[in-house]
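J.: My file is target_10.txt. It has compact mmCIF, C-alpha atoms and all ligand atoms:
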# COMPACT_ATOMS: atom_id res chain seq x y z
CA MET G 16 -103.52 17.68 -25.88
CA LEU G 17 -105.56 15.17 -27.85
CA ASP G 18 -106.25 16.08 -31.44
CA ALA G 19 -109.83 15.20 -32.39
CA LYS G 20 -109.32 16.37 -35.99
CA ILE G 21 -106.85 13.63 -36.87
CA GLY G 22 -108.39 11.08 -34.56
CA TYR G 23 -106.27 11.00 -31.39
CA LYS G 24 -109.41 10.34 -29.44
CA GLU G 25 -108.96 9.52 -25.78
CA ASP G 26 -110.41 6.06 -25.35
CA LYS G 27 -110.35 3.61 -22.54
CA LEU G 28 -108.03 0.79 -21.77
CA GLU G 29 -109.96 -2.46 -21.33
CA PHE G 30 -109.42 -5.50 -19.15
CA ASN G 31 -109.78 -9.10 -20.35
CA GLU G 32 -110.96 -11.07 -17.31
CA ASN G 33 -110.24 -14.47 -18.86
CA ARG G 34 -106.62 -13.68 -19.58
CA SER G 35 -106.15 -11.17 -16.74
CA GLU G 36 -104.72 -8.88 -19.37
CA ILE G 37 -105.26 -5.25 -20.30
CA PHE G 38 -105.74 -4.28 -23.92
CA ILE G 39 -106.72 -1.51 -26.31
CA ARG G 40 -109.31 -2.32 -28.99
CA LEU G 41 -109.05 -0.47 -32.31
CA PRO G 42 -112.15 1.43 -33.37
CA LYS G 43 -114.43 0.36 -36.25
CA PRO G 44 -113.83 -1.07 -38.83
CA HIS G 45 -110.88 -2.68 -37.01
CA GLU G 46 -112.67 -3.73 -33.84
CA ASN G 47 -111.39 -7.30 -34.27
CA THR G 48 -107.85 -5.95 -33.78
CA ILE G 49 -106.43 -5.37 -30.32
CA ILE G 50 -103.12 -4.25 -28.80
CA THR G 51 -102.03 -6.30 -25.80
CA PRO G 52 -98.87 -7.04 -23.85
CA THR G 53 -96.34 -9.18 -25.78
CA ARG G 54 -96.64 -12.89 -24.99
CA GLU G 55 -93.99 -15.61 -25.13
CA SER G 56 -96.25 -17.55 -27.48
CA ASP G 57 -95.75 -14.80 -30.12
CA ALA G 58 -92.31 -16.13 -31.04
CA HIS G 59 -93.35 -18.38 -33.94
CA ALA G 60 -95.60 -15.83 -35.68
CA LEU G 61 -92.93 -13.16 -35.13
CA THR G 62 -90.30 -15.35 -36.81
CA VAL G 63 -92.51 -15.82 -39.87
CA ILE G 64 -93.20 -12.07 -40.13
CA MET G 65 -89.55 -11.11 -39.69
CA ASN G 66 -88.38 -13.42 -42.48
CA ASP G 67 -90.76 -11.77 -44.94
CA PRO G 68 -88.90 -9.36 -47.28
CA LYS G 69 -91.99 -7.11 -47.34
CA VAL G 70 -91.25 -6.50 -43.68
CA TYR G 71 -87.53 -6.86 -42.92
CA LYS G 72 -86.21 -4.86 -45.87
CA THR G 73 -87.43 -1.57 -44.43
CA LEU G 74 -86.37 -2.24 -40.83
CA LEU G 75 -82.94 -1.36 -39.43
CA SER G 76 -82.26 -3.79 -36.67
CA PRO G 77 -83.81 -7.26 -37.14
CA PRO G 78 -81.09 -9.85 -37.77
CA HIS G 79 -81.40 -11.79 -41.02
CA PRO G 80 -82.22 -14.62 -41.28
CA PHE G 81 -84.39 -14.12 -38.22
CA LEU G 82 -84.00 -17.28 -36.15
CA GLN G 83 -85.85 -18.64 -33.12
CA ILE G 84 -83.15 -17.30 -30.83
CA HIS G 85 -83.70 -13.80 -32.28
CA ALA G 86 -87.43 -14.18 -31.74
CA LYS G 87 -86.81 -15.15 -28.12
CA GLU G 88 -84.61 -12.09 -27.57
CA PHE G 89 -87.08 -9.78 -29.30
CA ILE G 90 -89.99 -11.16 -27.28
CA GLN G 91 -88.07 -10.76 -24.02
CA ALA G 92 -87.17 -7.16 -24.86
CA SER G 93 -90.75 -6.31 -25.90
CA LYS G 94 -92.33 -8.09 -22.93
CA LYS G 95 -90.10 -6.43 -20.35
CA PRO G 96 -91.62 -2.91 -20.44
CA CYS G 97 -95.11 -4.46 -20.35
CA ASP G 98 -94.18 -6.75 -17.44
CA ASP G 99 -92.46 -3.94 -15.52
CA ILE G 100 -95.50 -1.69 -15.70
CA LEU G 101 -97.97 -4.50 -15.00
CA SER G 102 -96.03 -5.69 -11.95
CA SER G 103 -95.59 -2.22 -10.48
CA HIS G 104 -99.19 -0.97 -10.89
CA SER G 105 -102.49 -2.44 -9.76
CA ASN G 106 -105.27 -2.88 -12.34
CA ASP G 107 -107.08 0.06 -10.75
CA GLU G 108 -104.01 2.26 -11.25
CA LEU G 109 -103.64 1.10 -14.84
CA LEU G 110 -107.25 1.92 -15.61
CA ASP G 111 -107.19 5.26 -13.75
CA SER G 112 -106.61 7.89 -16.42
CA ASN G 113 -105.38 10.38 -13.81
CA ILE G 114 -102.24 8.40 -13.02
CA PRO G 115 -99.27 9.17 -15.32
CA ILE G 116 -97.16 6.14 -16.27
CA ASP G 117 -93.85 6.16 -18.14
CA GLY G 118 -93.73 3.56 -20.94
CA CYS G 119 -96.64 1.45 -22.12
CA PRO G 120 -98.03 -1.92 -21.01
CA VAL G 121 -99.28 -2.96 -24.49
CA ASN G 122 -97.36 -3.23 -27.77
CA ALA G 123 -98.38 -6.43 -29.62
CA ILE G 124 -101.02 -6.18 -32.36
CA ARG G 125 -103.44 -9.11 -32.63
CA GLU G 126 -106.33 -10.09 -34.81
CA ILE G 127 -109.24 -11.82 -33.07
CA LYS G 128 -110.57 -14.59 -35.30
CA GLU G 129 -114.26 -15.60 -35.38
CA ASP G 130 -113.51 -18.64 -33.22
CA GLY G 131 -111.89 -16.39 -30.60
CA ARG G 132 -108.25 -17.18 -31.39
CA GLU G 133 -105.94 -14.20 -31.08
CA ILE G 134 -103.35 -14.13 -33.85
CA TYR G 135 -100.17 -12.08 -33.45
CA ILE G 136 -99.87 -9.77 -36.50
CA GLY G 137 -97.30 -7.15 -35.53
CA GLN G 138 -95.76 -4.79 -33.06
CA ILE G 139 -95.94 -1.08 -32.31
CA ILE G 140 -93.54 0.39 -29.81
CA ILE G 141 -93.00 3.97 -28.71
CA GLN G 142 -90.15 4.29 -26.25
CA ARG G 143 -87.72 6.84 -24.91
CA SER G 144 -85.40 7.67 -27.80
CA ARG G 145 -82.65 5.17 -28.52
CA CYS G 146 -80.66 8.15 -29.93
CA MET G 147 -79.92 6.21 -33.12
CA ARG G 148 -78.57 9.25 -34.93
CA TRP G 149 -75.50 9.04 -32.69
CA MET G 150 -75.05 5.34 -33.40
CA ASP G 151 -71.54 5.89 -34.81
CA GLN G 152 -70.49 8.10 -31.86
CA PRO G 153 -70.90 5.84 -28.82
CA ASP G 154 -69.68 8.38 -26.23
CA ILE G 155 -72.05 11.09 -27.40
CA ARG G 156 -74.85 8.56 -27.73
CA LYS G 157 -74.31 7.37 -24.15
CA GLN G 158 -74.49 10.93 -22.89
CA LYS G 159 -77.63 11.72 -24.94
CA LEU G 160 -79.31 8.55 -23.69
CA GLN G 161 -78.48 9.44 -20.10
CA GLU G 162 -79.81 12.98 -20.51
CA ASN G 163 -83.03 11.84 -22.15
CA ASN G 164 -83.66 9.00 -19.71
CA SER G 165 -83.06 11.16 -16.66
CA LYS G 166 -85.80 13.66 -17.51
CA PRO G 167 -89.11 13.21 -15.71
CA ILE G 168 -92.31 12.03 -17.37
CA GLY G 169 -94.07 14.92 -19.13
CA ASP G 170 -90.90 17.01 -19.56
CA PRO G 171 -91.26 18.82 -22.93
CA HIS G 172 -87.65 17.92 -23.82
CA VAL G 173 -88.04 14.16 -23.54
CA TYR G 174 -87.71 12.48 -26.94
CA HIS G 175 -89.35 9.21 -27.94
CA ASP G 176 -89.13 7.08 -31.03
CA LEU G 177 -91.57 4.85 -32.85
CA SER G 178 -91.03 1.45 -34.40
CA MET G 179 -93.76 -0.64 -35.97
CA PHE G 180 -94.32 -3.53 -38.35
CA LEU G 181 -97.23 -5.59 -39.47
CA ALA G 182 -97.56 -8.98 -41.21
CA SER G 183 -97.66 -8.35 -44.96
CA SER G 184 -100.94 -10.32 -45.15
CA HIS G 185 -102.47 -7.36 -43.29
CA HIS G 186 -100.79 -4.42 -45.07
CA ASN G 187 -102.80 -1.57 -46.61
CA ARG G 188 -106.00 -2.17 -44.65
CA GLY G 189 -105.50 0.85 -42.40
CA ILE G 190 -104.46 -1.24 -39.38
CA ALA G 191 -101.12 0.48 -38.57
CA THR G 192 -102.71 3.93 -38.82
CA ALA G 193 -105.59 2.88 -36.56
CA ALA G 194 -103.17 1.22 -34.11
CA LEU G 195 -100.90 4.27 -33.93
CA LYS G 196 -103.83 6.63 -33.36
CA ALA G 197 -105.43 4.35 -30.76
CA LEU G 198 -102.20 3.82 -28.85
CA MET G 199 -101.31 7.51 -28.78
CA GLY G 200 -104.85 8.67 -28.00
CA THR G 201 -105.50 6.08 -25.32
CA TRP G 202 -102.12 5.84 -23.73
CA TYR G 203 -99.07 7.79 -24.83
CA ILE G 204 -100.57 11.28 -24.89
CA PRO G 205 -102.83 11.10 -21.83
CA ARG G 206 -100.90 8.62 -19.68
CA SER G 207 -97.20 8.82 -20.67
CA LYS G 208 -97.46 12.55 -21.42
CA VAL G 209 -95.28 12.24 -24.54
CA LYS G 210 -94.42 15.53 -26.22
CA ASN G 211 -92.01 14.58 -29.06
CA ILE G 212 -91.84 11.35 -31.07
CA GLU G 213 -89.58 10.62 -34.03
CA ALA G 214 -89.87 7.92 -36.68
CA GLY G 215 -87.12 7.21 -39.22
CA VAL G 216 -88.37 6.08 -42.62
CA PHE G 217 -85.83 4.49 -45.03
CA ASN G 218 -85.54 5.09 -48.77
CA GLY G 219 -89.01 6.53 -49.32
CA ASN G 220 -90.91 3.70 -47.59
CA LYS G 221 -94.20 5.11 -48.83
CA GLY G 222 -96.47 2.93 -46.71
CA SER G 223 -94.77 3.97 -43.50
CA ALA G 224 -94.57 7.65 -44.47
CA ARG G 225 -98.26 7.60 -45.33
CA VAL G 226 -99.21 6.11 -41.94
CA LEU G 227 -97.36 8.97 -40.25
CA GLU G 228 -98.82 11.67 -42.49
CA LYS G 229 -102.34 10.33 -41.95
CA SER G 230 -101.66 10.51 -38.22
CA GLY G 231 -100.59 14.17 -38.28
CA TRP G 232 -96.80 13.65 -38.20
CA VAL G 233 -94.60 16.01 -40.18
CA LEU G 234 -91.42 15.41 -42.22
CA GLU G 235 -88.74 17.60 -40.64
CA GLU G 236 -85.40 16.17 -41.74
CA VAL G 237 -83.91 14.11 -44.56
CA PHE G 238 -80.55 12.40 -44.08
CA ASN G 239 -78.71 11.50 -47.31
CA LEU G 240 -76.39 8.71 -46.24
CA GLY G 241 -74.49 8.50 -49.53
CA GLY G 242 -74.22 4.71 -49.44
CA LYS G 243 -72.88 4.62 -45.86
CA GLY G 244 -75.83 2.94 -44.18
CA LYS G 245 -77.09 -0.64 -44.23
CA THR G 246 -79.84 -2.53 -42.44
CA ARG G 247 -78.81 -5.72 -40.65
CA SER G 248 -80.32 -7.66 -43.56
CA GLY G 249 -77.89 -5.86 -45.87
CA GLU G 250 -80.26 -3.41 -47.56
CA LEU G 251 -78.54 -0.18 -48.49
CA ILE G 252 -79.99 2.81 -46.63
CA GLU G 253 -79.72 5.73 -49.01
CA THR G 254 -81.99 8.15 -47.18
CA ILE G 255 -83.66 8.39 -43.80
CA GLU G 256 -86.68 10.64 -43.58
CA SER G 257 -87.35 11.76 -40.03
CA TYR G 258 -91.00 12.38 -39.25
CA TYR G 259 -92.00 13.94 -35.94
CA TRP G 260 -95.12 14.17 -33.90
CA ARG G 261 -94.96 17.14 -31.53
CA ALA G 262 -97.58 17.93 -28.93
CA ALA G 263 -96.89 21.64 -29.22
CA ARG G 264 -97.57 21.77 -32.95
CA PRO G 265 -101.11 21.97 -34.29
CA SER G 266 -101.70 19.12 -36.77
CA GLY G 267 -101.09 19.94 -40.43
CA THR G 268 -98.53 22.68 -39.71
CA ALA G 269 -96.05 22.91 -42.60
CA ILE G 270 -92.37 23.27 -41.78
CA GLU G 271 -89.24 23.60 -43.87
CA VAL G 272 -87.46 20.27 -44.28
CA THR G 273 -83.78 20.26 -43.29
CA VAL G 274 -81.56 18.14 -45.52
CA HIS G 275 -78.39 16.64 -44.01
CA ASN G 276 -75.73 15.15 -46.29
CA VAL G 277 -74.04 12.69 -43.98
C1 LIG M 1 -95.36 0.44 -42.44
C2 LIG M 1 -96.49 -0.51 -42.12
C3 LIG M 1 -96.47 -0.80 -40.61
C4 LIG M 1 -97.81 0.15 -42.51
O1 LIG M 1 -98.87 -0.68 -42.10
P1 LIG M 1 -100.30 -0.69 -42.82
O2 LIG M 1 -101.29 -1.26 -41.88
O3 LIG M 1 -100.14 -1.33 -44.14
O4 LIG M 1 -100.57 0.87 -43.01
P2 LIG M 1 -101.97 1.54 -43.38
O5 LIG M 1 -102.81 0.56 -44.14
O6 LIG M 1 -102.54 2.14 -42.14
O7 LIG M 1 -101.52 2.73 -44.33
C5 LIG M 1 -100.68 2.49 -45.44
C6 LIG M 1 -100.82 3.63 -46.42
O8 LIG M 1 -99.71 3.66 -47.30
C7 LIG M 1 -100.14 3.57 -48.63
N1 LIG M 1 -99.11 2.86 -49.39
C8 LIG M 1 -98.63 1.64 -49.14
N2 LIG M 1 -97.69 1.33 -50.06
C9 LIG M 1 -97.57 2.41 -50.86
C10 LIG M 1 -96.78 2.71 -52.00
N3 LIG M 1 -95.86 1.85 -52.47
N4 LIG M 1 -96.93 3.92 -52.59
C11 LIG M 1 -97.81 4.81 -52.12
N5 LIG M 1 -98.61 4.58 -51.03
C12 LIG M 1 -98.48 3.40 -50.43
C13 LIG M 1 -101.45 2.83 -48.55
O9 LIG M 1 -102.22 3.05 -49.72
C14 LIG M 1 -102.04 3.50 -47.31
O10 LIG M 1 -102.47 4.83 -47.57
P3 LIG M 1 -104.00 5.22 -47.82
O11 LIG M 1 -104.77 4.79 -46.62
O12 LIG M 1 -103.96 6.69 -48.00
O13 LIG M 1 -104.43 4.46 -49.05
C15 LIG M 1 -96.34 -1.84 -42.91
O14 LIG M 1 -96.29 -1.52 -44.27
C16 LIG M 1 -95.09 -2.61 -42.56
O15 LIG M 1 -95.10 -3.39 -41.61
N6 LIG M 1 -94.01 -2.43 -43.33
C17 LIG M 1 -92.76 -3.16 -43.09
C18 LIG M 1 -92.04 -2.67 -41.85
C19 LIG M 1 -91.88 -1.16 -41.86
O16 LIG M 1 -91.52 -0.57 -42.87
N7 LIG M 1 -92.11 -0.55 -40.70
C20 LIG M 1 -92.01 0.89 -40.57
C21 LIG M 1 -90.61 1.33 -40.32
S1 LIG M 1 -90.55 3.10 -40.16
Translate the structure of the given file into structure tokens.
T.:
Amino acid sequence: MLDAKIGYKEDKLEFNENRSEIFIRLPKPHENTIITPTRESDAHALTVIMNDPKVYKTLLSPPHPFLQIHAKEFIQASKKPCDDILSSHSNDELLDSNIPIDGCPVNAIREIKEDGREIYIGQIIIQRSRCMRWMDQPDIRKQKLQENNSKPIGDPHVYHDLSMFLASSHHNRGIATAALKALMGTWYIPRSKVKNIEAGVFNGNKGSARVLEKSGWVLEEVFNLGGKGKTRSGELIETIESYYWRAARPSGTAIEVTVHNV
């Protein structure tokens, strides 16, 4: 169900005739920001963003230093779900809000400049859960992944997770919050029928936590890692705060936070 109170307004997906590309435009005052499929040409801007400590220090998986080869791999992985959906559905199907579609065809955030150039400024991806909490238990993780991936679209027990980042030049302008709301309201809730999404926030990353809170997500669990966790760039992960968005929970509902000492 869409939640008008916190702004998960169902909006429409648009089609850019010149590029033959679908996109979601953020509402005012961010109407010069769009979310489109990932493009191969994003690699350079991505590399710059991923070598910025204001970005990589709070992310788990980007390699550091982030080289062109890493950008190529990241772009391929981010483009694939967009390409798969775009190649298996006609434009009419994509624009028909009655047709459910697993995954999402747009995930790259771009700013449209006055001269029309579209600048890559970040990424926002919601996907079937990667079951990261079982990272150290590969057999269990494999089984959890299989279970979660085998459930049909719309099943209330399918879990998703969120990852997002934005160029630091664009932080604290409300863009990530607007992008998350637009993407969920326009696509993930009505089209992908998501019911549960988790986001892991490291070491009190206040900006990220605030985006989630402003979007109606709730802190449910805190994992104290006791010095056992590290990002790939070598940052110590002391705590992971797990925020959830759940379709079945009215926004703003308070819940007791479970603390795990790992
Ligand atoms: C997390 C991230 C995507 C947020 O993007 P953003 O566009 O800056 O987010 P928004 O502007 O929508 O909201 C940020 C909020 O956090 C607040 N905030 C930011 N830094 C803060 C701090 N140190 N202390 C308290 N609040 C803070 C901002 O004031 C704003 O809240 P407000 O609107 O109530 O004033 C961006 O900071 C980022 O890319 N960080 C690096 C990568 C990352 O951490 N990704 C998330 C992993 S879970």
J.: So which one's closest to ligand LIG 1 (chain M), G:His104, G:Arg148, G:Lys159, G:Lys72? Using all atoms listed in the file, please.
T.: G:Lys72
J.: Check the smallest atom-to-atom distance from each of G:Asn220, G:Ser165, G:Asn122, G:Thr73 to Ile39 in chain G using all atoms listed in the file, then report the winner.
T.: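 The answer is G:Asn122, which sits nearest to Ile39 in chain G.
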J.: Report the distance between CA of His175 in chain G and CA of Asp99 in chain G in Å, rounded to one decimal place.
T.: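 About the pair CA of His175 in chain G and CA of Asp99 in chain G: they are 18.4 Å apart.
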J.: Report as an mmCIF file with C-alpha atoms, in the frame of the given file which protein, DNA and RNA residues come within 7 Å of ligand LIG 1 (chain M), using all atoms listed in the file.
T.:
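Full text of selection03.cif as output:
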data_model
loop_
_atom_site.group_PDB
_atom_site.id
_atom_site.type_symbol
_atom_site.label_atom_id
_atom_site.label_comp_id
_atom_site.auth_asym_id
_atom_site.auth_seq_id
_atom_site.Cartn_x
_atom_site.Cartn_y
_atom_site.Cartn_z
ATOM 1 C CA LYS G 69 -91.990 -7.110 -47.340
ATOM 2 C CA VAL G 70 -91.250 -6.500 -43.680
ATOM 3 C CA TYR G 71 -87.530 -6.860 -42.920
ATOM 4 C CA THR G 73 -87.430 -1.570 -44.430
ATOM 5 C CA LEU G 74 -86.370 -2.240 -40.830
ATOM 6 C CA SER G 178 -91.030 1.450 -34.400
ATOM 7 C CA MET G 179 -93.760 -0.640 -35.970
ATOM 8 C CA PHE G 180 -94.320 -3.530 -38.350
ATOM 9 C CA LEU G 181 -97.230 -5.590 -39.470
ATOM 10 C CA ALA G 182 -97.560 -8.980 -41.210
ATOM 11 C CA SER G 183 -97.660 -8.350 -44.960
ATOM 12 C CA HIS G 185 -102.470 -7.360 -43.290
ATOM 13 C CA HIS G 186 -100.790 -4.420 -45.070
ATOM 14 C CA ASN G 187 -102.800 -1.570 -46.610
ATOM 15 C CA ARG G 188 -106.000 -2.170 -44.650
ATOM 16 C CA GLY G 189 -105.500 0.850 -42.400
ATOM 17 C CA ILE G 190 -104.460 -1.240 -39.380
ATOM 18 C CA ALA G 191 -101.120 0.480 -38.570
ATOM 19 C CA THR G 192 -102.710 3.930 -38.820
ATOM 20 C CA ALA G 193 -105.590 2.880 -36.560
ATOM 21 C CA ALA G 214 -89.870 7.920 -36.680
ATOM 22 C CA GLY G 215 -87.120 7.210 -39.220
ATOM 23 C CA VAL G 216 -88.370 6.080 -42.620
ATOM 24 C CA PHE G 217 -85.830 4.490 -45.030
ATOM 25 C CA ASN G 220 -90.910 3.700 -47.590
ATOM 26 C CA LYS G 221 -94.200 5.110 -48.830
ATOM 27 C CA GLY G 222 -96.470 2.930 -46.710
ATOM 28 C CA SER G 223 -94.770 3.970 -43.500
ATOM 29 C CA ARG G 225 -98.260 7.600 -45.330
ATOM 30 C CA VAL G 226 -99.210 6.110 -41.940
#
J.: Pick the closest to Gly231 in chain G from G:Arg206, G:Arg156, G:Arg264, G:Arg247: which is it, counting only C-alpha atoms?
T.: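 Result for the nearest residue to Gly231 in chain G: G:Arg264.
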J.: Any idea what's packed within 9 Å of range 194-205 of chain G, counting all atoms listed in the file, ignoring anything in its chain fewer than 4 positions away? Could you give it as a PyMOL selection string?
T.: chain G and resi 16-18+21-28+39-42+48-50+112-113+115-119+121-122+124+139+141+179+189-190+209-210+226-227+230+262
